[in-house]
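Engineer: Here's a structure for you.
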Amino acid sequence: MGANMKYQVVIGLEVHTQLTTNTKIFCGCSTRFGAEPNSQTCPVCLGFPGALPVLNQQVVEYAIRAGLATNCSITQRNVFARKNYFYPDLPKGYQISQFDLPICQHGHLDIEVEGETKRIGITRIHMEEDAGKLVHADIPGVDDSCVDLNRACTPLLEIVSEPDMRSPDEAIAYLKKLHQIVMYLGICDGNLEEGSFRCDANVSLMPVGSTVFGTRAELKNINSFKFIKQAIEYEIERQAEILDDGGKVVQETRLFDPNTGTTRSMRGKEEAHDYRYFPDPDLVPVIISDDWIEKVRGGLPELPEAKRARFMSDLGLPEYDAEVLVASRELAQYFEDAFALFPQAKTVSNWVMGEVTRALNDDNNRSIAECPVTSALLADLLKLMEKGTISGKIAKTVFDEMYKTGNAPEKIVEEKGLVQVSDTGAIEAMIDEVLEKNPGQVAEYRGGKETLFGFFVGQVMRASKGKANPAVVNEMLLKKLQG
Amino acid sequence: MEIFDLTIHELHEKLKAKEVSSVEATRAMLDRIEAVDSQVNAYITVTPEQALVEAEEADRRIAAGDIASLTGIPVGLKDIFVTKGIRTTCGSRILENFVPPYDGTAVAKLKEQGAVIVGKLNQDEFAMGSSNESSYFGPCRNPWDLSCTPGGSSGGSAAAIAARTATATLGTDTGGSIRQPASHCGCVGLKPTYGRVSRYGVIAYASSLDQVGPLTRDVTDSALLLGAVAGYDPMDSTSVNTPVPDYVAGLGSGVKGMKIGLPKQYFIEGLDPDVKRAMDEAIALYKSLGAEIREVSLPNTEYAVATYYIIATAEASANLARYDGVRFGHRAENARGLAQMYAKSRAEGFGSEVKRRIMLGTYALSSGYYDAYYVKAQKVRTLIQQDFLNAFKEVDVLLTPIAPTPAFKIAEKLEDPLQMYLSDIFTIPVNLAGTCGISVPAGFSAAGLPIGLQLVGKPFGEQDILTAAYSFEKETQWHLKKAPL
């Protein structure tokens, strides 16, 4: 990365988010992923002669949500255009997209990198249909490539940033933020592997201090945050080497190869398409009223930034906790649900960030939605701990059991006999026994070696098999030793 | 009178009275096709087996007392309407063996009413042409003179009426493709307002101009068939949600007091003398019926043909991109690689007129020319629409010729596409304006060829032009003359 010293990288990102509508953007076919090839198709999405597109209004609503959440202005008269090109998985020979009047424009997102806040411009968000996909995989008896059009006509939002990012870390921060927002909005499932959230990156270098952008390369369809970072880093090195050697970067589209961590040329500018955009005469313009915008605005969920701020100001959580908890809408919801039943924010936060997250990670990175310990059960557990029925340490054991069985904490505590001993008589007997067994340490303590106090506590807790109430033990032990 | 000579409403009465069955009517029609269509070539595909099954079903409905105005009526469809299970070629080699998996909306509506589909009718390839000579399945011939064209692109739909090989037919009209062949073949052809009839299941030529309409023996049938297929369709976002009147009920209101406009730009030097005479006679007749005749101006008329050929070809260049040999239709053999497969399939599948228009449209949309051609054409289109709206502030309907001349000889204009394009000069502006027009038989040339007159209505003013056409028809006998076949 020595190149970074001489050159400033300029990055702009185009993100394609597949929307979670039940049906496609211009027909009634299902958008479900992974179905039998070509089973979710009709004359419209197959581009059959005579078929006509009809717009799914839900797509417009989702686009407005995305625009409002990213501080965009909403275009009130929307026109769909045809983008003409030939490709075997593009059934009509053109893609229906938006061209000069995208539904959202002039927005921004604030990102944080190394403690600094930076504003990244969003040029536009537009609605469009996806293409199908080609299957070149080995199918017995088939030499040709196959076309699966299940994905054809599924709704996409293309979210285009300004070339405002100046490092791979900024690019990743922006992407993660955008990913988080579309998930919060409930408009995208965010699944990078299935291509629901995929990114093209435009990367160029210019000498440090320059304001004139260099020639860019476009890195196509990268589907993991890690690969995007790798691809950009590789691209910086590749372009820096070319510039160092006095060469010129060629404007082209490049593909990232995850196996080698490198990019390679896919097509050059000389093959650049003339898409011959023009308004699609099959679709009437979509007029978005002020009322519609306000209705959508009213239905927006609390977004991560606002949630984080509220967790800090209203609940008194440290910034770190707030950041972790709002990482996903589901996690934040889990926290809030548990907090509603057990209103001690920091305790709940500790458990959510600690035991809950650990257990899920250990369990093949299960999602919080699938957690066997529901937020209500977690609150029950914390209540038992608060009442002193169990100690914090026992609570962790109970939690593990709850995770395994899905049982209520009371039931586990009862069945396993884990109830905390607060009975002073029983504890006193155990203390006496410990003091009796360790006369030397007693003498040392009384002689001034107060650090031995912990030793006695430990012995008593061990004798109680961890069930003694530590507060009671502490109090009584202190009396005995001083007495 | 033979069964195949009857109009929809005449046959309907006979079916209702059980004087004839639908099977008999359908057989009569199929026999007539068998007897004369080899001379006319109006049909690309005849569907006798399916037609007889539908006719039997219609007879069962009629026996059960369930009879709609189209139940049991043999109809033909321009081969531009996709029909489930019936080959649909659009007059092109590229769709020579295409069997659609679905029915379009207009076809579904006809079937719901119990109409019997006897076959698919010849047309210019992808509806591009004014003479039916660009069909891959050979030219259709004019039943009035087999050496002449029937007009286009719905030439087969018009010729089938004239040849008595269908009781009624559906066509499509993008720049005059229903009205002009109706005029040349002596039948009634109506182009409804854009959005009046669903385009779902109609193979697109120029989406913003295409409209489905009826070709029939008389005006009553036109009103009947239009009523059967008109209406809002959720499958076509450009279809308009306004109520469909009972067009037949309104036919008899007469033209007394109706203001009829004569656009001065349509009555120019060079108009064929026979056509001119027919127009003059029609105007005189309307005057005598109590209509008020006024001259009006449509000042942007001279730009209509140029505007049409930019917008229509631009849209066509995109609409025809799906014929790539990948999923259906003709695929070239022995192509090496994808690009060659596209190129060869399209080169082999499309005829020269289609290729010419795809190239024109592609050029008009390409970067650097888009503003000069496409954007400019859209602006002119708006001016032309405005011309019509202004004229309709003064008059109820417009009266114009349909075509500068009666039907011309086959091959006469093939070598001169511009001459051919000018034959739609009086019909094209109506499509650009998106309003409605009808062609009604209005006389014959010295050579015995039919001449039609055009009545143009306001947007959704179909009732006005049908009523005016009906008044004319009642006073004349032109629609009753039979082609010498």
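To be explicit about the labels: the chains of the structure tokens are called A, B, and onward in the order shown, and within each one the residues are counted from 1, while ligands get numbers from 1 in the order they are shown.
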Enumerate as a VMD selection string the residues belonging to chain B that approach chain A to within 9 Å, with only C-alpha atoms taken into account.

Structural biologist: chain B and resid 80 to 82 100 to 102 104 199 to 204 206 to 208 234 to 238 314 to 315 318 to 324 326 to 328 338 to 339 342 362 364 to 367 370 374

Engineer: Restricting the output to N, CA and C atoms, write the selected residues as a CSV table (one decimal), in the first residue's frame.

Structural biologist:
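The result, written out as part24.csv:
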```
chain,number,residue,atom,x,y,z
B,80,ILE,N,-51.8,-10.9,-35.6
B,80,ILE,CA,-51.1,-10.2,-34.6
B,80,ILE,C,-51.6,-10.4,-33.2
B,81,PHE,N,-52.8,-11.0,-33.1
B,81,PHE,CA,-53.4,-11.3,-31.8
B,81,PHE,C,-52.8,-12.7,-31.3
B,82,VAL,N,-52.2,-12.8,-30.2
B,82,VAL,CA,-51.7,-14.1,-29.7
B,82,VAL,C,-52.9,-14.9,-29.3
B,100,PRO,N,-48.5,-19.5,-29.1
B,100,PRO,CA,-48.4,-18.8,-27.8
B,100,PRO,C,-49.1,-19.6,-26.7
B,101,PRO,N,-48.6,-19.4,-25.5
B,101,PRO,CA,-49.2,-20.1,-24.4
B,101,PRO,C,-50.4,-19.4,-23.7
B,102,TYR,N,-50.8,-18.3,-24.3
B,102,TYR,CA,-51.9,-17.5,-23.7
B,102,TYR,C,-52.7,-16.8,-24.7
B,104,GLY,N,-54.7,-13.2,-25.5
B,104,GLY,CA,-54.7,-11.8,-25.1
B,104,GLY,C,-56.1,-11.4,-24.7
B,199,ARG,N,-54.4,-3.6,-25.2
B,199,ARG,CA,-53.4,-4.1,-26.1
B,199,ARG,C,-52.7,-5.4,-25.6
B,200,TYR,N,-53.2,-5.9,-24.5
B,200,TYR,CA,-52.5,-7.1,-23.9
B,200,TYR,C,-52.8,-8.3,-24.8
B,201,GLY,N,-51.7,-8.9,-25.3
B,201,GLY,CA,-51.9,-10.0,-26.2
B,201,GLY,C,-51.9,-9.6,-27.6
B,202,VAL,N,-51.6,-8.3,-27.9
B,202,VAL,CA,-51.4,-7.9,-29.3
B,202,VAL,C,-49.9,-7.6,-29.5
B,203,ILE,N,-49.4,-8.3,-30.5
B,203,ILE,CA,-48.0,-8.2,-30.7
B,203,ILE,C,-47.6,-6.8,-31.1
B,204,ALA,N,-46.7,-6.2,-30.3
B,204,ALA,CA,-46.5,-4.7,-30.5
B,204,ALA,C,-45.7,-4.4,-31.7
B,206,ALA,N,-45.8,-0.4,-32.7
B,206,ALA,CA,-45.4,0.8,-32.1
B,206,ALA,C,-46.4,1.1,-30.9
B,207,SER,N,-45.9,0.8,-29.7
B,207,SER,CA,-46.8,0.7,-28.6
B,207,SER,C,-47.7,1.9,-28.3
B,208,SER,N,-47.1,3.1,-28.6
B,208,SER,CA,-47.9,4.3,-28.2
B,208,SER,C,-48.9,4.7,-29.3
B,234,PRO,N,-56.7,-4.4,-16.4
B,234,PRO,CA,-55.6,-4.2,-15.5
B,234,PRO,C,-54.3,-4.8,-16.0
B,235,MET,N,-54.3,-5.5,-17.1
B,235,MET,CA,-53.1,-6.1,-17.7
B,235,MET,C,-52.4,-5.1,-18.6
B,236,ASP,N,-53.1,-4.0,-18.9
B,236,ASP,CA,-52.5,-3.0,-19.8
B,236,ASP,C,-52.6,-1.6,-19.2
B,237,SER,N,-51.5,-1.1,-18.7
B,237,SER,CA,-51.6,0.1,-17.9
B,237,SER,C,-51.9,1.3,-18.7
B,238,THR,N,-51.9,1.2,-20.1
B,238,THR,CA,-52.3,2.3,-20.9
B,238,THR,C,-53.8,2.3,-21.3
B,314,ALA,N,-38.9,4.0,-33.9
B,314,ALA,CA,-38.1,4.0,-32.6
B,314,ALA,C,-38.7,2.9,-31.7
B,315,GLU,N,-40.0,3.0,-31.5
B,315,GLU,CA,-40.7,2.0,-30.6
B,315,GLU,C,-40.5,0.6,-31.2
B,318,ALA,N,-37.3,-1.3,-30.4
B,318,ALA,CA,-37.2,-1.9,-29.1
B,318,ALA,C,-38.1,-3.1,-29.0
B,319,ASN,N,-39.4,-2.9,-29.6
B,319,ASN,CA,-40.4,-4.0,-29.5
B,319,ASN,C,-39.9,-5.2,-30.2
B,320,LEU,N,-39.1,-5.1,-31.2
B,320,LEU,CA,-38.7,-6.3,-32.0
B,320,LEU,C,-37.4,-6.9,-31.5
B,321,ALA,N,-36.8,-6.3,-30.5
B,321,ALA,CA,-35.6,-6.8,-30.0
B,321,ALA,C,-35.7,-8.2,-29.4
B,322,ARG,N,-36.9,-8.5,-28.9
B,322,ARG,CA,-37.1,-9.8,-28.2
B,322,ARG,C,-37.0,-11.0,-29.2
B,323,TYR,N,-37.1,-10.7,-30.5
B,323,TYR,CA,-37.0,-11.8,-31.5
B,323,TYR,C,-35.6,-12.1,-31.8
B,324,ASP,N,-35.0,-12.8,-30.9
B,324,ASP,CA,-33.5,-13.0,-31.0
B,324,ASP,C,-33.1,-14.5,-31.1
B,326,VAL,N,-33.5,-16.8,-29.0
B,326,VAL,CA,-33.0,-17.5,-27.8
B,326,VAL,C,-34.2,-18.3,-27.2
B,327,ARG,N,-35.4,-17.8,-27.1
B,327,ARG,CA,-36.4,-18.5,-26.4
B,327,ARG,C,-37.5,-19.1,-27.3
B,328,PHE,N,-37.9,-18.4,-28.4
B,328,PHE,CA,-39.0,-18.9,-29.2
B,328,PHE,C,-38.7,-18.3,-30.6
B,338,LEU,N,-22.8,-16.5,-29.8
B,338,LEU,CA,-24.1,-15.9,-29.4
B,338,LEU,C,-24.4,-14.7,-30.4
B,339,ALA,N,-23.4,-13.9,-30.6
B,339,ALA,CA,-23.6,-12.7,-31.4
B,339,ALA,C,-24.1,-13.1,-32.8
B,342,TYR,N,-27.7,-14.3,-32.8
B,342,TYR,CA,-28.6,-13.2,-32.9
B,342,TYR,C,-28.7,-12.7,-34.3
B,362,THR,N,-33.6,2.5,-34.7
B,362,THR,CA,-32.3,2.5,-34.0
B,362,THR,C,-31.5,3.7,-34.2
B,364,ALA,N,-32.7,6.7,-35.0
B,364,ALA,CA,-33.4,7.8,-34.4
B,364,ALA,C,-33.1,7.9,-32.9
B,365,LEU,N,-32.9,6.8,-32.3
B,365,LEU,CA,-32.7,6.7,-30.8
B,365,LEU,C,-31.2,6.8,-30.4
B,366,SER,N,-30.3,6.6,-31.4
B,366,SER,CA,-28.9,6.5,-31.0
B,366,SER,C,-28.4,7.8,-30.5
B,367,SER,N,-27.3,7.7,-29.7
B,367,SER,CA,-26.8,8.9,-29.0
B,367,SER,C,-26.3,9.9,-30.1
B,370,TYR,N,-30.7,11.4,-30.9
B,370,TYR,CA,-31.9,11.3,-30.1
B,370,TYR,C,-32.7,12.6,-30.1
B,374,TYR,N,-35.9,11.9,-32.2
B,374,TYR,CA,-37.0,11.4,-31.3
B,374,TYR,C,-37.6,12.5,-30.5
```

Engineer: Residues near Phe339 in chain A, anyone? I mean within 12 Å using only C-alpha atoms, not counting same-chain ones fewer than 2 positions away, as a list of chain:residue names.

Structural biologist: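 Near Phe339 in chain A, the qualifying residues are A:Phe311, A:Leu315, A:Ala332, A:Gln333, A:Tyr334, A:Phe335, A:Glu336, A:Asp337, A:Leu341, A:Phe342, A:Pro343, A:Gln344, A:Ala345, A:Lys346, A:Thr347, A:Val348, A:Ser349, A:Asn350, A:Trp351, A:Val352, A:Ser375, A:Ala376, A:Leu377, A:Leu378, A:Ala379, A:Asp380, A:Leu382, A:Lys383.
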
Engineer: Based on the selection just made, write N, CA, C and O atoms of those residues as an mmCIF file, in the first residue's frame.

Structural biologist:
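Now in result_7.cif:
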```
data_model
loop_
_atom_site.group_PDB
_atom_site.id
_atom_site.type_symbol
_atom_site.label_atom_id
_atom_site.label_comp_id
_atom_site.auth_asym_id
_atom_site.auth_seq_id
_atom_site.Cartn_x
_atom_site.Cartn_y
_atom_site.Cartn_z
ATOM 1 N N PHE A 311 -30.758 5.305 22.461
ATOM 2 C CA PHE A 311 -30.234 4.348 23.434
ATOM 3 C C PHE A 311 -29.236 5.032 24.368
ATOM 4 O O PHE A 311 -29.163 4.734 25.555
ATOM 5 N N LEU A 315 -31.604 5.856 27.466
ATOM 6 C CA LEU A 315 -31.349 4.648 28.268
ATOM 7 C C LEU A 315 -29.999 4.690 28.956
ATOM 8 O O LEU A 315 -29.675 3.809 29.739
ATOM 9 N N ALA A 332 -31.676 -5.023 17.728
ATOM 10 C CA ALA A 332 -32.156 -3.874 18.491
ATOM 11 C C ALA A 332 -33.558 -4.153 19.031
ATOM 12 O O ALA A 332 -33.878 -3.815 20.182
ATOM 13 N N GLN A 333 -34.363 -4.798 18.220
ATOM 14 C CA GLN A 333 -35.720 -5.122 18.652
ATOM 15 C C GLN A 333 -35.692 -6.095 19.824
ATOM 16 O O GLN A 333 -36.437 -5.947 20.804
ATOM 17 N N TYR A 334 -34.812 -7.070 19.743
ATOM 18 C CA TYR A 334 -34.668 -8.060 20.809
ATOM 19 C C TYR A 334 -34.296 -7.353 22.113
ATOM 20 O O TYR A 334 -34.890 -7.570 23.167
ATOM 21 N N PHE A 335 -33.327 -6.472 21.985
ATOM 22 C CA PHE A 335 -32.908 -5.706 23.165
ATOM 23 C C PHE A 335 -34.081 -4.910 23.729
ATOM 24 O O PHE A 335 -34.359 -4.928 24.923
ATOM 25 N N GLU A 336 -34.784 -4.218 22.849
ATOM 26 C CA GLU A 336 -35.867 -3.349 23.315
ATOM 27 C C GLU A 336 -37.000 -4.156 23.944
ATOM 28 O O GLU A 336 -37.595 -3.733 24.934
ATOM 29 N N ASP A 337 -37.280 -5.312 23.369
ATOM 30 C CA ASP A 337 -38.338 -6.156 23.928
ATOM 31 C C ASP A 337 -37.958 -6.650 25.322
ATOM 32 O O ASP A 337 -38.784 -6.671 26.247
ATOM 33 N N LEU A 341 -39.441 -5.470 29.467
ATOM 34 C CA LEU A 341 -39.848 -6.364 30.555
ATOM 35 C C LEU A 341 -38.905 -6.302 31.752
ATOM 36 O O LEU A 341 -39.253 -6.670 32.865
ATOM 37 N N PHE A 342 -37.709 -5.842 31.497
ATOM 38 C CA PHE A 342 -36.700 -5.759 32.564
ATOM 39 C C PHE A 342 -35.926 -4.454 32.366
ATOM 40 O O PHE A 342 -34.874 -4.400 31.733
ATOM 41 N N PRO A 343 -36.473 -3.361 32.889
ATOM 42 C CA PRO A 343 -35.986 -2.025 32.505
ATOM 43 C C PRO A 343 -34.655 -1.617 33.151
ATOM 44 O O PRO A 343 -34.566 -0.583 33.797
ATOM 45 N N GLN A 344 -33.660 -2.461 33.024
ATOM 46 C CA GLN A 344 -32.304 -2.044 33.429
ATOM 47 C C GLN A 344 -31.420 -2.169 32.201
ATOM 48 O O GLN A 344 -30.918 -3.253 31.878
ATOM 49 N N ALA A 345 -31.241 -1.045 31.510
ATOM 50 C CA ALA A 345 -30.651 -1.053 30.182
ATOM 51 C C ALA A 345 -29.269 -1.708 30.129
ATOM 52 O O ALA A 345 -29.007 -2.567 29.290
ATOM 53 N N LYS A 346 -28.414 -1.332 31.038
ATOM 54 C CA LYS A 346 -27.030 -1.816 30.940
ATOM 55 C C LYS A 346 -26.957 -3.326 31.174
ATOM 56 O O LYS A 346 -26.200 -4.034 30.499
ATOM 57 N N THR A 347 -27.752 -3.810 32.142
ATOM 58 C CA THR A 347 -27.758 -5.253 32.404
ATOM 59 C C THR A 347 -28.246 -6.013 31.177
ATOM 60 O O THR A 347 -27.617 -6.985 30.735
ATOM 61 N N VAL A 348 -29.361 -5.535 30.607
ATOM 62 C CA VAL A 348 -29.892 -6.213 29.421
ATOM 63 C C VAL A 348 -28.863 -6.145 28.293
ATOM 64 O O VAL A 348 -28.564 -7.143 27.639
ATOM 65 N N SER A 349 -28.289 -4.980 28.100
ATOM 66 C CA SER A 349 -27.291 -4.801 27.050
ATOM 67 C C SER A 349 -26.123 -5.771 27.234
ATOM 68 O O SER A 349 -25.694 -6.423 26.282
ATOM 69 N N ASN A 350 -25.637 -5.863 28.477
ATOM 70 C CA ASN A 350 -24.520 -6.780 28.737
ATOM 71 C C ASN A 350 -24.866 -8.211 28.332
ATOM 72 O O ASN A 350 -24.062 -8.915 27.735
ATOM 73 N N TRP A 351 -26.063 -8.597 28.675
ATOM 74 C CA TRP A 351 -26.460 -9.975 28.359
ATOM 75 C C TRP A 351 -26.667 -10.189 26.861
ATOM 76 O O TRP A 351 -26.275 -11.215 26.323
ATOM 77 N N VAL A 352 -27.258 -9.193 26.212
ATOM 78 C CA VAL A 352 -27.487 -9.341 24.774
ATOM 79 C C VAL A 352 -26.149 -9.384 24.027
ATOM 80 O O VAL A 352 -25.903 -10.240 23.184
ATOM 81 N N SER A 375 -36.660 -12.872 23.938
ATOM 82 C CA SER A 375 -36.419 -11.686 24.766
ATOM 83 C C SER A 375 -37.203 -11.791 26.080
ATOM 84 O O SER A 375 -36.713 -11.379 27.143
ATOM 85 N N ALA A 376 -38.383 -12.380 26.038
ATOM 86 C CA ALA A 376 -39.191 -12.533 27.259
ATOM 87 C C ALA A 376 -38.523 -13.496 28.235
ATOM 88 O O ALA A 376 -38.476 -13.253 29.453
ATOM 89 N N LEU A 377 -37.986 -14.566 27.704
ATOM 90 C CA LEU A 377 -37.303 -15.540 28.570
ATOM 91 C C LEU A 377 -36.054 -14.937 29.185
ATOM 92 O O LEU A 377 -35.742 -15.184 30.355
ATOM 93 N N LEU A 378 -35.345 -14.136 28.376
ATOM 94 C CA LEU A 378 -34.146 -13.493 28.909
ATOM 95 C C LEU A 378 -34.535 -12.567 30.069
ATOM 96 O O LEU A 378 -33.886 -12.562 31.129
ATOM 97 N N ALA A 379 -35.614 -11.811 29.888
ATOM 98 C CA ALA A 379 -36.063 -10.913 30.949
ATOM 99 C C ALA A 379 -36.416 -11.706 32.213
ATOM 100 O O ALA A 379 -36.089 -11.301 33.335
ATOM 101 N N ASP A 380 -37.064 -12.845 32.033
ATOM 102 C CA ASP A 380 -37.395 -13.703 33.184
ATOM 103 C C ASP A 380 -36.137 -14.114 33.935
ATOM 104 O O ASP A 380 -36.092 -14.123 35.169
ATOM 105 N N LEU A 382 -33.259 -12.554 33.978
ATOM 106 C CA LEU A 382 -32.658 -11.405 34.663
ATOM 107 C C LEU A 382 -33.447 -11.062 35.933
ATOM 108 O O LEU A 382 -32.861 -10.638 36.938
ATOM 109 N N LYS A 383 -34.754 -11.283 35.880
ATOM 110 C CA LYS A 383 -35.566 -11.023 37.074
ATOM 111 C C LYS A 383 -35.193 -11.982 38.204
ATOM 112 O O LYS A 383 -35.119 -11.595 39.366
#
```

Engineer: Rounded to one decimal in Å, what is the spacing between CA of His479 in chain B and CA of Arg27 in chain B?

Structural biologist: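 About the pair CA of His479 in chain B and CA of Arg27 in chain B: they are 24.6 Å apart.
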
Engineer: Find the residues around Val40 in chain B up to 8 Å (only C-alpha atoms counted), leave out those fewer than 5 positions away in its own chain, and share them as a list in words.

Structural biologist: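 The filter keeps Cys140, Arg141, Asn142, Pro143, Leu146, Ala159 and Ala163 of chain B.
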
Engineer: Could you turn the residues from that selection into a file that holds C-alpha atoms, as a PDB file, in the first residue's frame?

Structural biologist:
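again32.pdb, freshly written:
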```
ATOM      1  CA  CYS B 140     -53.116 -10.817 -49.702  1.00  0.00           C
ATOM      2  CA  ARG B 141     -55.225  -9.808 -52.720  1.00  0.00           C
ATOM      3  CA  ASN B 142     -58.085  -7.390 -52.988  1.00  0.00           C
ATOM      4  CA  PRO B 143     -61.350  -9.314 -53.576  1.00  0.00           C
ATOM      5  CA  LEU B 146     -57.194  -9.611 -57.455  1.00  0.00           C
ATOM      6  CA  ALA B 159     -60.180  -8.817 -47.489  1.00  0.00           C
ATOM      7  CA  ALA B 163     -64.500 -12.036 -49.701  1.00  0.00           C
TER       8      ALA B 163
END
```

Engineer: Would you mind listing what lies within 9 Å of Leu121 in chain B as a list in words, with only C-alpha atoms counted and same-chain residues fewer than 5 positions away left out?

Structural biologist: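 Selected residues are Asn41, Ala42, Tyr43, Ile44, Thr45, Val46, Gly76, Leu77, Lys78, Asp79, Ile80, Gly91, Ser154, Gly155, Gly156, Ser157, Ala160, Thr169 and Gly171 of chain B.
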
Engineer: Which of these, A:Gly261, A:Cys72, A:Lys133, A:Ile293, has the shortest distance to Val60 in chain A once you count only C-alpha atoms?

Structural biologist: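 For Val60 in chain A, the nearest of the given residues is A:Ile293.
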
Engineer: Select, from B:Gln50, B:Ser147, B:Ser471, B:Gln39, the residue with the minimum atom-to-atom distance to Met258 in chain B, counting only C-alpha atoms.

Structural biologist: B:Ser471

Engineer: Pick out the residues sitting within 9 Å of Ser367 in chain A, and hand them over as an mmCIF file with N, CA and C atoms, in the first residue's frame; count only C-alpha atoms, and ignore anything fewer than 3 positions along from it in its own chain.

Structural biologist:
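Okay, this is what ended up in selection.cif:
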```
data_model
loop_
_atom_site.group_PDB
_atom_site.id
_atom_site.type_symbol
_atom_site.label_atom_id
_atom_site.label_comp_id
_atom_site.auth_asym_id
_atom_site.auth_seq_id
_atom_site.Cartn_x
_atom_site.Cartn_y
_atom_site.Cartn_z
ATOM 1 N N GLU A 330 -33.238 -6.469 14.000
ATOM 2 C CA GLU A 330 -33.740 -7.563 14.820
ATOM 3 C C GLU A 330 -33.059 -7.572 16.192
ATOM 4 N N LEU A 331 -31.738 -7.331 16.187
ATOM 5 C CA LEU A 331 -31.012 -7.334 17.458
ATOM 6 C C LEU A 331 -31.517 -6.195 18.343
ATOM 7 N N LEU A 360 -25.261 -17.516 19.973
ATOM 8 C CA LEU A 360 -25.662 -17.553 18.559
ATOM 9 C C LEU A 360 -24.457 -17.785 17.654
ATOM 10 N N ASN A 361 -23.347 -17.098 17.975
ATOM 11 C CA ASN A 361 -22.139 -17.281 17.172
ATOM 12 C C ASN A 361 -21.659 -18.721 17.236
ATOM 13 N N GLU A 370 -33.826 -16.427 15.374
ATOM 14 C CA GLU A 370 -33.952 -17.861 15.643
ATOM 15 C C GLU A 370 -33.505 -18.230 17.058
ATOM 16 N N CYS A 371 -33.210 -17.250 17.877
ATOM 17 C CA CYS A 371 -32.657 -17.535 19.209
ATOM 18 C C CYS A 371 -33.701 -18.241 20.077
#
```

Engineer: Using only C-alpha atoms, which residues sit within 9 Å of range 243-252 of chain B once same-chain residues fewer than 6 positions away are excluded, as number ranges by chain?

Structural biologist: B: 196, 219-224, 226-227, 230-232, 462-464, 466-471

Engineer: Keeping only N, CA and C atoms, write the selected residues to a file as a compact mmCIF listing (two decimals), in the first residue's frame.

Structural biologist:
```txt
# COMPACT_ATOMS: atom_id res chain seq x y z
N ARG B 196 -58.72 2.68 -25.41
CA ARG B 196 -60.12 2.20 -25.36
C ARG B 196 -60.17 0.67 -25.31
N VAL B 219 -72.01 -0.68 -40.08
CA VAL B 219 -71.70 0.13 -38.91
C VAL B 219 -72.27 -0.50 -37.63
N THR B 220 -73.44 -1.12 -37.74
CA THR B 220 -74.01 -1.77 -36.55
C THR B 220 -73.06 -2.83 -36.01
N ASP B 221 -72.50 -3.64 -36.91
CA ASP B 221 -71.55 -4.66 -36.49
C ASP B 221 -70.30 -4.03 -35.86
N SER B 222 -69.90 -2.91 -36.40
CA SER B 222 -68.72 -2.23 -35.87
C SER B 222 -68.97 -1.82 -34.42
N ALA B 223 -70.18 -1.27 -34.19
CA ALA B 223 -70.54 -0.85 -32.83
C ALA B 223 -70.61 -2.05 -31.89
N LEU B 224 -71.17 -3.15 -32.41
CA LEU B 224 -71.29 -4.37 -31.61
C LEU B 224 -69.93 -4.93 -31.20
N LEU B 226 -66.98 -3.48 -31.33
CA LEU B 226 -66.19 -2.57 -30.49
C LEU B 226 -66.65 -2.71 -29.03
N GLY B 227 -67.96 -2.71 -28.83
CA GLY B 227 -68.49 -2.85 -27.47
C GLY B 227 -68.01 -4.13 -26.79
N ALA B 230 -64.00 -3.48 -26.00
CA ALA B 230 -63.53 -2.26 -25.34
C ALA B 230 -63.55 -2.41 -23.82
N GLY B 231 -62.84 -1.53 -23.15
CA GLY B 231 -62.89 -1.50 -21.68
C GLY B 231 -61.53 -1.57 -21.03
N TYR B 232 -61.53 -1.17 -19.79
CA TYR B 232 -60.29 -1.14 -19.00
C TYR B 232 -59.78 -2.56 -18.76
N GLU B 462 -66.14 7.70 -29.82
CA GLU B 462 -66.53 6.63 -30.75
C GLU B 462 -68.01 6.70 -31.10
N GLN B 463 -68.83 7.04 -30.11
CA GLN B 463 -70.27 7.08 -30.36
C GLN B 463 -70.60 8.09 -31.45
N ASP B 464 -69.94 9.26 -31.43
CA ASP B 464 -70.19 10.30 -32.43
C ASP B 464 -69.91 9.79 -33.84
N LEU B 466 -69.60 6.69 -34.91
CA LEU B 466 -70.46 5.57 -35.26
C LEU B 466 -71.85 6.08 -35.68
N THR B 467 -72.36 7.04 -34.92
CA THR B 467 -73.68 7.60 -35.22
C THR B 467 -73.66 8.30 -36.58
N ALA B 468 -72.62 9.09 -36.83
CA ALA B 468 -72.51 9.79 -38.11
C ALA B 468 -72.36 8.79 -39.25
N ALA B 469 -71.56 7.74 -39.01
CA ALA B 469 -71.35 6.73 -40.04
C ALA B 469 -72.65 5.97 -40.32
N TYR B 470 -73.40 5.72 -39.27
CA TYR B 470 -74.65 4.97 -39.42
C TYR B 470 -75.66 5.78 -40.24
N SER B 471 -75.75 7.07 -39.97
CA SER B 471 -76.65 7.94 -40.72
C SER B 471 -76.32 7.90 -42.20
```
